[in-house]
$ cat coords.txt   # compact mmCIF, C-alpha atoms
# COMPACT_ATOMS: atom_id res chain seq x y z
CA MET A 1 44.25 160.35 122.32
CA ALA A 2 43.62 160.43 118.57
CA ALA A 3 45.57 157.88 116.58
CA PRO A 4 48.20 159.40 114.29
CA PRO A 5 47.39 159.08 110.58
CA ALA A 6 48.43 155.68 109.26
CA PRO A 7 51.32 155.77 106.78
CA ALA A 8 50.57 154.96 103.15
CA ARG A 9 53.04 152.06 103.26
CA ALA A 10 53.48 149.90 106.32
CA ALA A 11 56.33 147.61 107.38
CA VAL A 12 54.93 144.08 107.42
CA LEU A 13 56.69 141.25 109.25
CA CYS A 14 57.23 138.37 106.82
CA GLY A 15 59.97 136.22 108.36
CA THR A 16 61.78 135.43 111.61
CA GLY A 17 65.05 133.75 112.58
CA SER A 18 67.34 133.44 115.57
CA PHE A 19 70.68 132.09 116.63
CA LEU A 20 72.08 131.04 119.99
CA PRO A 21 75.78 130.27 120.36
CA ALA A 22 76.33 126.64 121.33
CA ARG A 23 78.11 127.19 124.66
CA ARG A 24 75.47 126.99 127.38
CA VAL A 25 76.49 128.23 130.83
CA SER A 26 74.33 127.14 133.76
CA ASN A 27 73.96 128.98 137.06
CA ASP A 28 75.98 126.25 138.75
CA MET A 29 78.84 126.83 136.33
CA LEU A 30 78.85 130.54 137.21
CA SER A 31 78.67 129.72 140.90
CA ALA A 32 82.01 127.96 140.59
CA THR A 33 83.81 131.30 140.14
CA LEU A 34 81.34 133.85 141.58
CA ASP A 35 79.89 134.23 145.05
CA THR A 36 76.38 133.24 143.98
CA SER A 37 74.15 130.19 143.66
CA ASP A 38 71.52 128.71 141.38
CA GLU A 39 68.86 129.48 143.97
CA TRP A 40 69.98 133.11 144.40
CA ILE A 41 69.99 133.74 140.64
CA ARG A 42 66.66 132.01 140.01
CA THR A 43 64.75 133.73 142.79
CA ARG A 44 66.02 137.16 141.83
CA THR A 45 65.97 136.95 138.04
CA GLY A 46 64.17 133.78 136.87
CA ILE A 47 67.31 132.87 134.91
CA GLY A 48 68.63 129.31 134.85
CA ALA A 49 71.17 129.46 132.01
CA ARG A 50 72.57 131.64 129.26
CA HIS A 51 74.65 131.11 126.13
CA PHE A 52 78.05 132.67 125.45
CA THR A 53 80.07 132.83 122.25
CA ASP A 54 83.49 131.30 121.97
CA PRO A 55 86.58 133.38 121.15
CA GLY A 56 86.71 134.20 117.46
CA THR A 57 82.96 134.59 117.11
CA THR A 58 81.51 138.07 117.34
CA THR A 59 78.28 140.04 117.13
CA SER A 60 78.24 140.18 113.32
CA ASP A 61 78.56 136.37 113.16
CA LEU A 62 75.54 135.84 115.38
CA ALA A 63 73.64 138.53 113.48
CA ALA A 64 74.45 136.99 110.10
CA ALA A 65 73.40 133.52 111.28
CA ALA A 66 70.04 134.78 112.57
CA GLY A 67 69.63 137.03 109.54
CA ALA A 68 70.20 134.20 107.07
CA ARG A 69 67.47 132.19 108.76
CA ALA A 70 65.02 135.08 108.72
CA ILE A 71 65.71 135.78 105.04
CA ALA A 72 65.25 132.13 104.09
CA ASP A 73 62.09 131.99 106.22
CA ALA A 74 60.61 135.08 104.54
CA ASP A 75 61.35 133.91 101.05
CA PRO A 76 62.51 130.32 100.61
CA SER A 77 63.02 130.93 96.88
CA GLY A 78 65.57 133.64 97.67
CA VAL A 79 64.31 135.87 94.85
CA ASP A 80 62.93 138.81 96.77
CA GLY A 81 66.03 140.70 97.87
CA VAL A 82 66.61 142.59 101.09
CA ASP A 83 67.67 146.18 100.27
CA THR A 84 68.36 147.41 103.83
CA VAL A 85 70.08 145.84 106.84
CA VAL A 86 69.59 147.35 110.29
CA VAL A 87 71.43 145.91 113.30
CA ALA A 88 70.34 146.87 116.82
CA THR A 89 73.20 146.22 119.23
CA THR A 90 74.95 147.37 122.39
CA THR A 91 78.01 145.34 121.48
CA PRO A 92 79.08 146.30 117.95
CA ASP A 93 82.10 144.48 116.50
CA ARG A 94 83.99 147.82 116.67
CA PRO A 95 83.22 151.35 117.93
CA CYS A 96 83.63 152.36 114.27
CA PRO A 97 82.28 151.44 111.73
CA GLY A 98 78.81 150.03 112.30
CA THR A 99 78.21 146.29 112.43
CA ALA A 100 75.35 146.23 109.91
CA PRO A 101 77.54 146.69 106.80
CA VAL A 102 79.66 143.74 107.95
CA VAL A 103 76.53 141.65 108.50
CA ALA A 104 75.24 142.61 105.04
CA ALA A 105 78.54 141.57 103.46
CA LYS A 106 78.53 138.25 105.33
CA LEU A 107 75.04 137.62 103.96
CA GLY A 108 76.06 138.44 100.38
CA LEU A 109 74.05 141.68 100.55
CA SER A 110 76.88 144.12 99.80
CA GLY A 111 75.37 147.22 98.25
CA ALA A 112 72.38 147.22 100.59
CA ALA A 113 71.85 150.22 102.88
CA ALA A 114 73.21 149.20 106.27
CA PHE A 115 73.54 150.90 109.65
CA ASP A 116 73.24 150.26 113.39
CA VAL A 117 70.65 151.37 115.91
CA SER A 118 72.03 152.06 119.38
CA ALA A 119 69.29 151.94 121.99
CA VAL A 120 70.61 149.13 124.20
CA CYS A 121 67.78 146.77 125.27
CA THR A 122 65.20 148.92 123.47
CA GLY A 123 67.17 148.62 120.22
CA PHE A 124 64.86 146.13 118.53
CA VAL A 125 61.72 148.23 119.08
CA TYR A 126 63.55 151.37 117.93
CA GLY A 127 64.75 149.32 114.95
CA LEU A 128 61.19 148.33 114.07
CA ALA A 129 60.18 152.00 114.14
CA THR A 130 63.20 152.88 112.00
CA ALA A 131 62.36 150.17 109.46
CA ALA A 132 58.72 151.28 109.41
CA GLY A 133 59.87 154.84 108.74
CA LEU A 134 62.22 153.82 105.92
CA ILE A 135 59.48 151.79 104.28
CA ALA A 136 56.85 154.52 104.72
CA ALA A 137 59.24 157.04 103.15
CA GLY A 138 59.89 154.75 100.19
CA ALA A 139 63.60 154.62 101.08
CA ALA A 140 63.45 150.85 101.64
CA ARG A 141 61.29 148.06 100.31
CA ARG A 142 62.53 145.07 102.28
CA VAL A 143 64.42 145.42 105.56
CA LEU A 144 66.36 142.83 107.54
CA LEU A 145 66.31 143.93 111.17
CA VAL A 146 68.59 142.03 113.54
CA GLY A 147 68.99 142.43 117.29
CA ALA A 148 72.39 140.92 118.06
CA GLU A 149 74.49 140.94 121.22
CA THR A 150 77.67 139.52 122.66
CA TYR A 151 77.40 140.85 126.21
CA SER A 152 80.08 138.34 127.18
CA SER A 153 82.49 140.91 125.68
CA ILE A 154 81.50 143.68 128.13
CA LEU A 155 80.61 141.75 131.31
CA ASP A 156 83.01 142.04 134.22
CA PRO A 157 83.62 138.39 135.13
CA ASP A 158 83.95 139.42 138.79
CA ASP A 159 80.65 141.34 138.91
CA ARG A 160 78.01 138.93 140.09
CA THR A 161 75.22 141.45 139.59
CA THR A 162 75.66 141.60 135.80
CA SER A 163 77.44 138.33 134.95
CA VAL A 164 74.48 136.20 135.95
CA ILE A 165 71.91 138.22 133.99
CA PHE A 166 73.10 138.65 130.43
CA GLY A 167 73.62 136.26 127.53
CA ASP A 168 74.71 136.30 123.89
CA ALA A 169 72.22 135.76 121.05
CA ALA A 170 70.75 137.18 117.88
CA GLY A 171 67.16 137.43 116.68
CA ALA A 172 66.01 138.74 113.30
CA VAL A 173 62.92 139.67 111.34
CA VAL A 174 62.33 140.59 107.70
CA LEU A 175 59.92 143.46 107.06
CA ARG A 176 58.45 144.14 103.62
CA ALA A 177 56.48 147.08 102.26
CA GLY A 178 52.78 146.40 102.62
CA GLU A 179 49.41 147.83 103.51
CA PRO A 180 48.63 149.46 106.86
CA GLY A 181 46.18 147.30 108.70
CA GLU A 182 47.20 144.00 107.10
CA PRO A 183 48.33 141.23 109.45
CA GLY A 184 52.02 141.65 110.31
CA ALA A 185 52.02 145.45 109.88
CA VAL A 186 53.94 146.95 112.81
CA GLY A 187 52.76 150.10 114.56
CA PRO A 188 51.72 152.46 115.91
CA PHE A 189 54.74 153.15 118.09
CA ASP A 190 55.38 154.79 121.43
CA LEU A 191 59.06 155.68 121.92
CA GLY A 192 60.82 157.66 124.63
CA SER A 193 64.04 158.41 126.47
CA ASP A 194 65.49 160.02 129.59
CA GLY A 195 69.18 160.88 129.28
CA ASP A 196 69.34 161.89 132.95
CA GLY A 197 69.52 158.15 133.55
CA VAL A 198 72.72 157.72 131.49
CA ASP A 199 74.65 156.33 134.46
CA LEU A 200 72.12 153.64 135.40
CA ILE A 201 73.03 151.32 132.50
CA THR A 202 76.41 152.06 130.96
CA VAL A 203 79.88 151.22 129.70
CA ARG A 204 81.88 154.26 130.77
CA GLY A 205 85.02 153.73 128.74
CA GLY A 206 85.84 153.68 125.06
CA GLY A 207 83.83 156.71 123.97
CA ALA A 208 84.62 160.39 123.46
CA GLU A 209 83.70 161.31 127.04
CA GLN A 210 86.38 159.09 128.53
CA ARG A 211 88.95 159.66 125.73
CA LEU A 212 88.64 163.45 126.02
CA SER A 213 88.53 163.50 129.80
CA GLY A 214 92.24 164.21 130.06
CA ARG A 215 92.75 161.25 132.36
CA PRO A 216 93.59 157.66 131.62
CA ALA A 217 90.79 155.10 131.63
CA GLU A 218 90.10 153.34 134.91
CA PRO A 219 90.37 149.55 134.67
CA GLY A 220 86.64 149.16 135.35
CA ASP A 221 85.63 151.60 132.60
CA ARG A 222 85.60 148.88 129.98
CA TRP A 223 82.86 146.90 131.71
CA PHE A 224 79.11 147.17 131.58
CA THR A 225 77.53 148.36 134.82
CA MET A 226 73.91 148.54 135.91
CA ALA A 227 72.17 150.03 138.95
CA GLY A 228 69.83 147.09 139.43
CA LYS A 229 67.44 148.55 141.95
CA GLN A 230 66.73 151.78 140.08
CA VAL A 231 66.60 149.93 136.76
CA PHE A 232 63.98 147.53 138.13
CA TRP A 233 61.87 150.47 139.22
CA GLN A 234 62.25 152.44 135.98
CA ALA A 235 61.79 149.40 133.73
CA VAL A 236 58.39 148.47 135.15
CA ARG A 237 57.27 152.07 135.24
CA HIS A 238 58.25 152.96 131.68
CA MET A 239 57.25 149.70 129.99
CA ALA A 240 53.83 149.84 131.67
CA LYS A 241 53.27 153.47 130.74
CA SER A 242 54.50 152.97 127.18
CA SER A 243 52.39 149.81 126.77
CA ARG A 244 49.27 151.66 127.81
CA ALA A 245 50.12 154.53 125.45
CA VAL A 246 50.58 152.29 122.43
CA LEU A 247 47.42 150.27 123.17
CA ASP A 248 45.56 153.56 123.37
CA GLN A 249 46.98 154.67 120.02
CA ALA A 250 46.15 151.32 118.43
CA GLY A 251 42.64 151.34 119.86
CA TRP A 252 43.16 147.93 121.51
CA ARG A 253 41.75 147.04 124.90
CA VAL A 254 44.22 145.35 127.23
CA ASP A 255 42.08 142.18 127.31
CA GLU A 256 42.46 141.92 123.53
CA VAL A 257 46.22 141.35 123.87
CA ASP A 258 46.93 137.67 123.18
CA HIS A 259 50.66 137.87 123.82
CA LEU A 260 52.73 140.33 125.81
CA VAL A 261 56.29 140.18 124.49
CA GLY A 262 58.31 142.32 126.89
CA HIS A 263 62.04 142.78 126.82
CA GLN A 264 63.39 139.78 128.73
CA ALA A 265 65.14 141.80 131.42
CA ASN A 266 64.23 139.79 134.50
CA LEU A 267 61.30 137.45 135.13
CA ARG A 268 60.16 139.51 138.09
CA ILE A 269 60.09 142.67 135.97
CA LEU A 270 58.07 140.81 133.33
CA ASN A 271 55.60 139.52 135.92
CA ARG A 272 55.25 142.95 137.50
CA LEU A 273 54.72 144.46 134.06
CA ALA A 274 51.97 141.97 133.20
CA ASP A 275 50.24 142.59 136.56
CA ASP A 276 50.61 146.33 136.21
CA ILE A 277 49.01 146.64 132.77
CA GLY A 278 46.49 143.88 133.49
CA VAL A 279 47.61 141.16 131.07
CA PRO A 280 47.33 137.67 132.62
CA ARG A 281 50.86 136.34 133.25
CA GLU A 282 50.17 133.26 131.12
CA ARG A 283 49.87 135.59 128.12
CA SER A 284 53.38 136.89 128.72
CA ILE A 285 55.96 135.22 126.49
CA THR A 286 59.14 134.50 128.41
CA ASN A 287 62.31 132.68 127.45
CA ILE A 288 64.59 134.23 130.05
CA ALA A 289 65.01 130.99 132.05
CA GLU A 290 67.06 129.41 129.26
CA VAL A 291 68.81 132.40 127.64
CA GLY A 292 68.98 135.21 130.21
CA ASN A 293 68.72 138.84 129.19
CA THR A 294 69.95 139.09 125.60
CA SER A 295 69.32 142.85 125.34
CA ALA A 296 68.47 143.94 121.78
CA ALA A 297 68.14 140.29 120.72
CA SER A 298 65.60 139.40 123.37
CA ILE A 299 62.29 140.26 121.68
CA PRO A 300 63.04 138.79 118.22
CA LEU A 301 64.56 135.69 119.86
CA ALA A 302 61.48 135.26 122.06
CA LEU A 303 59.23 135.70 119.02
CA ASP A 304 61.11 133.15 116.94
CA GLN A 305 61.19 130.61 119.77
CA ALA A 306 57.50 131.12 120.59
CA ARG A 307 56.68 130.62 116.94
CA ALA A 308 58.78 127.46 116.76
CA ALA A 309 56.95 126.21 119.85
CA GLY A 310 53.61 126.71 118.04
CA ARG A 311 52.49 129.43 120.41
CA LEU A 312 51.84 132.20 117.86
CA HIS A 313 48.82 131.84 115.59
CA THR A 314 47.72 133.88 112.61
CA GLY A 315 45.51 136.69 113.86
CA ASP A 316 46.91 136.76 117.41
CA ARG A 317 47.45 140.25 118.79
CA LEU A 318 50.94 141.01 120.10
CA LEU A 319 52.09 143.85 122.30
CA LEU A 320 55.87 144.38 122.20
CA THR A 321 57.50 146.58 124.84
CA ALA A 322 61.09 147.24 125.85
CA PHE A 323 63.20 149.30 128.22
CA GLY A 324 66.93 149.80 128.27
CA GLY A 325 69.99 151.98 128.69
CA GLY A 326 69.74 155.61 127.76
CA LEU A 327 67.37 155.40 129.40
CA THR A 328 65.19 154.40 126.47
CA TRP A 329 61.84 152.68 126.13
CA GLY A 330 59.43 151.82 123.36
CA SER A 331 56.37 149.78 122.46
CA THR A 332 54.49 148.69 119.39
CA VAL A 333 51.79 146.24 118.36
CA LEU A 334 51.16 143.86 115.51
CA THR A 335 48.72 141.17 114.51
CA TRP A 336 50.58 137.93 113.86
CA PRO A 337 50.58 137.23 110.11
CA HIS A 338 50.48 134.03 108.14
CA LEU A 339 54.14 133.39 107.33
CA ALA A 340 55.27 131.69 104.13
CA GLY A 341 57.96 129.89 106.11
CA ASP A 342 55.37 128.10 108.26
CA ALA A 343 54.71 125.70 105.36
CA ASN A 344 58.31 124.52 105.47
CA ARG A 345 58.30 124.26 109.22
CA SER A 346 55.10 122.23 109.42
CA THR A 347 56.29 119.69 106.83
CA ASN A 348 59.55 119.33 108.68
CA PRO A 349 58.88 120.37 112.26
CA MET A 350 61.99 118.75 113.65
CA THR A 351 64.51 120.78 111.68
CA PRO A 352 67.56 120.73 113.91
CA THR A 353 68.40 124.42 113.51
CA ARG A 354 66.31 125.58 116.44
CA SER A 355 65.86 122.84 118.98
CA GLU A 356 69.38 121.43 119.05
CA GLU A 357 71.19 124.68 119.41
CA SER A 358 68.79 126.00 121.98
CA THR A 359 69.01 122.98 124.23
CA ARG A 360 72.62 121.88 123.89
CA MET B 361 48.79 148.79 167.07
CA THR B 362 48.35 148.36 163.35
CA SER B 363 46.99 150.51 160.53
CA PRO B 364 45.12 149.78 157.27
CA MET B 365 48.38 150.27 155.33
CA TYR B 366 50.16 147.83 157.63
CA ASP B 367 47.44 145.24 156.97
CA THR B 368 47.74 145.84 153.21
CA LEU B 369 51.49 145.44 153.43
CA VAL B 370 51.18 142.17 155.33
CA ASP B 371 48.66 140.84 152.79
CA LEU B 372 50.98 141.70 149.91
CA LEU B 373 53.97 140.08 151.62
CA VAL B 374 51.97 136.91 152.15
CA THR B 375 50.18 136.71 148.79
CA ARG B 376 52.82 138.08 146.41
CA PHE B 377 56.10 137.36 148.15
CA GLU B 378 55.35 134.04 149.82
CA VAL B 379 56.26 135.29 153.27
CA ASP B 380 54.87 133.25 156.18
CA ARG B 381 52.24 135.38 157.95
CA ALA B 382 53.40 134.09 161.32
CA GLU B 383 56.85 135.62 160.75
CA ILE B 384 55.51 139.13 160.25
CA SER B 385 55.03 141.70 162.98
CA PRO B 386 55.41 145.51 163.08
CA GLU B 387 58.87 145.18 164.68
CA VAL B 388 60.25 142.76 162.10
CA THR B 389 62.56 144.23 159.45
CA PHE B 390 62.56 143.27 155.77
CA GLU B 391 66.05 141.91 156.28
CA ASP B 392 64.67 139.56 158.92
CA LEU B 393 62.36 138.20 156.22
CA ASP B 394 65.31 137.72 153.83
CA MET B 395 64.02 140.52 151.62
CA ASP B 396 66.84 142.47 149.99
CA SER B 397 66.68 145.86 148.30
CA LEU B 398 65.47 144.41 145.00
CA PHE B 399 62.51 142.72 146.68
CA LEU B 400 61.73 145.95 148.42
CA VAL B 401 61.70 147.87 145.15
CA GLU B 402 59.34 145.27 143.74
CA LEU B 403 57.10 145.61 146.79
CA LEU B 404 56.98 149.39 146.36
CA VAL B 405 56.10 148.97 142.67
CA VAL B 406 53.24 146.66 143.67
CA ILE B 407 51.97 149.17 146.24
CA GLN B 408 52.20 151.92 143.67
CA THR B 409 50.01 149.89 141.31
CA GLU B 410 47.53 148.98 144.04
CA THR B 411 47.16 152.51 145.41
CA GLY B 412 47.59 154.42 142.14
CA VAL B 413 49.92 156.78 144.00
CA GLU B 414 53.48 157.52 142.89
CA ILE B 415 55.70 156.31 145.71
CA SER B 416 59.37 157.20 145.73
CA GLU B 417 61.76 154.29 145.42
CA ASP B 418 63.65 155.20 148.62
CA THR B 419 60.56 155.10 150.83
CA ALA B 420 61.82 152.03 152.66
CA SER B 421 65.08 150.13 153.04
CA PRO B 422 65.71 146.51 154.00
CA ARG B 423 66.67 147.61 157.54
CA ASP B 424 63.31 149.28 158.14
CA THR B 425 60.65 147.51 160.14
CA ILE B 426 57.36 146.61 158.47
CA GLY B 427 55.58 149.00 160.85
CA HIS B 428 57.88 151.89 159.94
CA ALA B 429 57.56 151.19 156.21
CA ALA B 430 53.76 151.12 156.50
CA GLU B 431 53.82 154.54 158.15
CA ALA B 432 56.15 156.00 155.52
CA ILE B 433 54.03 154.64 152.67
CA ALA B 434 50.78 155.77 154.26
CA ALA B 435 52.24 159.27 154.66
CA GLN B 436 53.05 159.42 150.95
CA VAL B 437 49.59 158.19 149.98
CA LEU B 438 47.98 160.77 152.27
CA GLU B 439 50.14 163.55 150.85
CA ALA B 440 49.29 162.56 147.28
CA THR B 441 45.58 162.36 148.06
CA ALA B 442 45.67 165.76 149.73
CA ALA B 443 47.50 167.26 146.76
CA LYS B 444 44.91 165.81 144.38
CA SER B 445 41.91 167.15 146.32
CA SER B 446 43.29 170.65 146.93
$ encode --input "coords.txt" --output "structure tokens"
Amino acid sequence: MAAPPAPARAAVLCGTGSFLPARRVSNDMLSATLDTSDEWIRTRTGIGARHFTDPGTTTSDLAAAAGARAIADADPSGVDGVDTVVVATTTPDRPCPGTAPVVAAKLGLSGAAAFDVSAVCTGFVYGLATAAGLIAAGAARRVLLVGAETYSSILDPDDRTTSVIFGDAAGAVVLRAGEPGEPGAVGPFDLGSDGDGVDLITVRGGGAEQRLSGRPAEPGDRWFTMAGKQVFWQAVRHMAKSSRAVLDQAGWRVDEVDHLVGHQANLRILNRLADDIGVPRERSITNIAEVGNTSAASIPLALDQARAAGRLHTGDRLLLTAFGGGLTWGSTVLTWPHLAGDANRSTNPMTPTRSEESTR
Amino acid sequence: MTSPMYDTLVDLLVTRFEVDRAEISPEVTFEDLDMDSLFLVELLVVIQTETGVEISEDTASPRDTIGHAAEAIAAQVLEATAAKSS
């Protein structure tokens, strides 16, 4: 397939940041109230723990914390201002308005363009494509893109199939206008959806469909539900297909991929995905054991943690791919850039912001 | 009596799913091997990758025997191959 023409201006990644709420919940802690066990959860999902927010803290708080880190990382001097804030989330602070304007205000960026992207676990990849489009069109010059989630607000505490999988977190990147083909430029993209799968990953209540149904909401309508078996099947299938499509567009061979950064849905899905597209599993970046599935936050959180761990090097080739509710899926590629913030990190590698909060 | 697909299935169970070869026989069900529906979906995804044939996700259930599942999968592969060559 011929590659689409490259845009005149590309979105170039220039900073990363993430935030995990302090409260860490182990599998054993969940097993105290649910009919499950550490062994059951680990063998089926690869998850050992997840983090949950405390009452009073919400999605915009996590997003602002991660966003502040990404902004400082991209430009320690603080001169080069972000003009657009995009938040990808399944768990907005309110059904109306969007969470992004609140995040912008919390960051002192009132006046910036701000809106949400709703593509569930694919939200971050859709957000990257959105940011790339805004920059290519000249509508934005510097975009803060945050994937932020508080799934603890929509998980049914009695549902052992979802409660053990998801966690709260935020991950952010800053994208600046730059040249196509320079390190850090994101794209091309492969994006897709299948609305026939609306019921596979859903919160039934709270929207127009339920409010206009002429019947009162069922108690369970407020909770997130997922058809695990079908989702497993569809996730591997669509992420593999989309990964191959984007590699084809980019003109990369699969053996040229240094890091596969898949949506952290389930370790077994990630392993199957790597096997399916032919990327050695050791090239797959995974953080799911410690944080669970953090939906739209998962890819930027995994990127920021891999970077902090010294795993990402300038010039490395990354394949990002995600699958989520909708159904939606999407993939993109980038070459890892030299980041200005690395200088600060290498002179002070033990800054407590990352390690302490992630291991508490 | 076993078939090539049965042998493939056994190899996959042993190499990818850490099942003890001695526990497997055509009459054993996936449930007997402690494999639930999620494992079965994963197995079918693996077979799909290995054979390059689209296999429907409800081809086998945990209560099916390995022998029965091998037959059902082989039938789908045969059908797909026939469709491709016609």
$ interface_residues --input "coords.txt" --of "chain A" --to "chain B" --cutoff "7 Å" --atoms "all atoms listed in the file" --output "list in words"
Lys229, Trp233 and Asp276 of chain A
$ atom_distance --input "coords.txt" --atom1 "atom CA of Val174 of chain A" --atom2 "atom CA of Leu267 of chain A"
27.6 Å
$ atom_distance --input "coords.txt" --atom1 "atom CA of Pro55 of chain A" --atom2 "atom CA of Ser295 of chain A"
20.1 Å
$ atom_distance --input "coords.txt" --atom1 "atom CA of Phe115 of chain A" --atom2 "atom CA of Gly67 of chain A"
14.4 Å
$ closest_residue --input "coords.txt" --among "A:Ala11, A:Ala104, A:Ala245, A:Ala65" --to "Gly133 of chain A" --atoms "only C-alpha atoms"
A:Ala11
$ residues_around --input "coords.txt" --residues "segment 438-445 of chain B" --least-positions-apart "3" --cutoff "8 Å" --atoms "all atoms listed in the file" --output "PyMOL selection string"
chain B and resi 413-414+434-435
$ closest_residue --input "coords.txt" --among "A:Asp38, A:Asp168, A:Asp75, A:Asp80" --to "Ser60 of chain A" --atoms "all atoms listed in the file"
A:Asp168
$ closest_atom_pairs --input "coords.txt" --of "segment 142-228 of chain A" --to "segment 15-29 of chain A" --cutoff "7 Å" --atoms "all atoms listed in the file" --output "tab-separated table"
residue	atom	partner	partner_atom	distance
A:Ala169	CA	A:Leu20	CA	4.8
A:Ala170	CA	A:Phe19	CA	5.2
A:Gly171	CA	A:Ser18	CA	4.1
A:Ala172	CA	A:Gly17	CA	5.1
A:Val173	CA	A:Thr16	CA	4.4
A:Val174	CA	A:Gly15	CA	5.0
$ write_last_selection --input "coords.txt" --atoms "C-alpha atoms" --output "mmCIF file, in the coordinates of the input"
data_model
loop_
_atom_site.group_PDB
_atom_site.id
_atom_site.type_symbol
_atom_site.label_atom_id
_atom_site.label_comp_id
_atom_site.auth_asym_id
_atom_site.auth_seq_id
_atom_site.Cartn_x
_atom_site.Cartn_y
_atom_site.Cartn_z
ATOM 1 C CA ALA A 169 72.220 135.760 121.050
ATOM 2 C CA ALA A 170 70.750 137.180 117.880
ATOM 3 C CA GLY A 171 67.160 137.430 116.680
ATOM 4 C CA ALA A 172 66.010 138.740 113.300
ATOM 5 C CA VAL A 173 62.920 139.670 111.340
ATOM 6 C CA VAL A 174 62.330 140.590 107.700
#
$ closest_residue --input "coords.txt" --among "B:Leu372, B:Ile407, B:Ile426, B:Ile415" --to "Glu387 of chain B" --atoms "all atoms listed in the file"
B:Ile426
$ residues_near_point --input "coords.txt" --point "(52.4, 153.6, 116.0)" --cutoff "12 Å" --atoms "all atoms listed in the file" --output "MDAnalysis selection string"
chainID A and resid 2:7 10:11 125:126 128:130 132:133 180:181 185:191 242:243 245:251 319:320 330:334
$ residues_near_point --input "coords.txt" --point "(64.9, 148.1, 133.3)" --cutoff "12 Å" --atoms "only C-alpha atoms" --output "MDAnalysis selection string"
chainID A and resid 120:122 197 200:201 226:240 262:270 272:273 293 295 321:330
$ closest_residue --input "coords.txt" --among "A:Gly138, A:Gly310, A:Gly81, A:Pro157" --to "Gly111 of chain A" --atoms "all atoms listed in the file"
A:Gly81
$ residues_around --input "coords.txt" --residues "Ser385 of chain B" --least-positions-apart "2" --cutoff "12 Å" --atoms "only C-alpha atoms" --output "compact mmCIF listing (two decimals) with C-alpha atoms, in the coordinates of the input"
# COMPACT_ATOMS: atom_id res chain seq x y z
CA MET B 361 48.79 148.79 167.07
CA THR B 362 48.35 148.36 163.35
CA TYR B 366 50.16 147.83 157.63
CA ASP B 367 47.44 145.24 156.97
CA LEU B 369 51.49 145.44 153.43
CA VAL B 370 51.18 142.17 155.33
CA LEU B 373 53.97 140.08 151.62
CA VAL B 379 56.26 135.29 153.27
CA ASP B 380 54.87 133.25 156.18
CA ARG B 381 52.24 135.38 157.95
CA ALA B 382 53.40 134.09 161.32
CA GLU B 383 56.85 135.62 160.75
CA GLU B 387 58.87 145.18 164.68
CA VAL B 388 60.25 142.76 162.10
CA THR B 389 62.56 144.23 159.45
CA PHE B 390 62.56 143.27 155.77
CA ASP B 392 64.67 139.56 158.92
CA LEU B 393 62.36 138.20 156.22
CA THR B 425 60.65 147.51 160.14
CA ILE B 426 57.36 146.61 158.47
CA GLY B 427 55.58 149.00 160.85
CA HIS B 428 57.88 151.89 159.94
CA ALA B 429 57.56 151.19 156.21
CA ALA B 430 53.76 151.12 156.50
$ closest_residue --input "coords.txt" --among "A:Glu149, A:Asp221, A:Glu209, A:Asp158" --to "Thr294 of chain A" --atoms "only C-alpha atoms"
A:Glu149
$ axis_aligned_box --input "coords.txt" --around "segment 65-77 of chain A" --padding-each-side "4 Å" --output "AutoDock Vina command-line options"
--center_x 67.0 --center_y 133.7 --center_z 104.7 --size_x 20.8 --size_y 14.7 --size_z 23.7
$ build_atoms --input "coords.txt" --residues "segment 283-292 of chain A" --atoms "N, CA and C atoms" --output "JSON list (two decimals), in the frame of the given file"
[["chain", "number", "residue", "atom", "x", "y", "z"],
["A", 283, "ARG", "N", 49.80, 135.02, 129.47],
["A", 283, "ARG", "CA", 49.87, 135.59, 128.12],
["A", 283, "ARG", "C", 51.21, 136.29, 127.88],
["A", 284, "SER", "N", 52.07, 136.26, 128.86],
["A", 284, "SER", "CA", 53.38, 136.89, 128.72],
["A", 284, "SER", "C", 54.35, 135.85, 128.18],
["A", 285, "ILE", "N", 55.00, 136.16, 127.07],
["A", 285, "ILE", "CA", 55.96, 135.22, 126.49],
["A", 285, "ILE", "C", 57.31, 135.44, 127.16],
["A", 286, "THR", "N", 57.85, 134.38, 127.74],
["A", 286, "THR", "CA", 59.14, 134.50, 128.41],
["A", 286, "THR", "C", 60.07, 133.36, 127.99],
["A", 287, "ASN", "N", 61.31, 133.72, 127.73],
["A", 287, "ASN", "CA", 62.31, 132.68, 127.45],
["A", 287, "ASN", "C", 63.55, 132.90, 128.31],
["A", 288, "ILE", "N", 63.42, 133.79, 129.30],
["A", 288, "ILE", "CA", 64.59, 134.23, 130.05],
["A", 288, "ILE", "C", 65.23, 133.09, 130.85],
["A", 289, "ALA", "N", 64.46, 132.08, 131.24],
["A", 289, "ALA", "CA", 65.01, 130.99, 132.05],
["A", 289, "ALA", "C", 66.15, 130.28, 131.33],
["A", 290, "GLU", "N", 66.06, 130.17, 130.02],
["A", 290, "GLU", "CA", 67.06, 129.41, 129.26],
["A", 290, "GLU", "C", 68.13, 130.28, 128.60],
["A", 291, "VAL", "N", 67.85, 131.57, 128.39],
["A", 291, "VAL", "CA", 68.81, 132.40, 127.64],
["A", 291, "VAL", "C", 69.25, 133.65, 128.37],
["A", 292, "GLY", "N", 68.63, 133.98, 129.50],
["A", 292, "GLY", "CA", 68.98, 135.21, 130.21],
["A", 292, "GLY", "C", 68.48, 136.44, 129.46]]
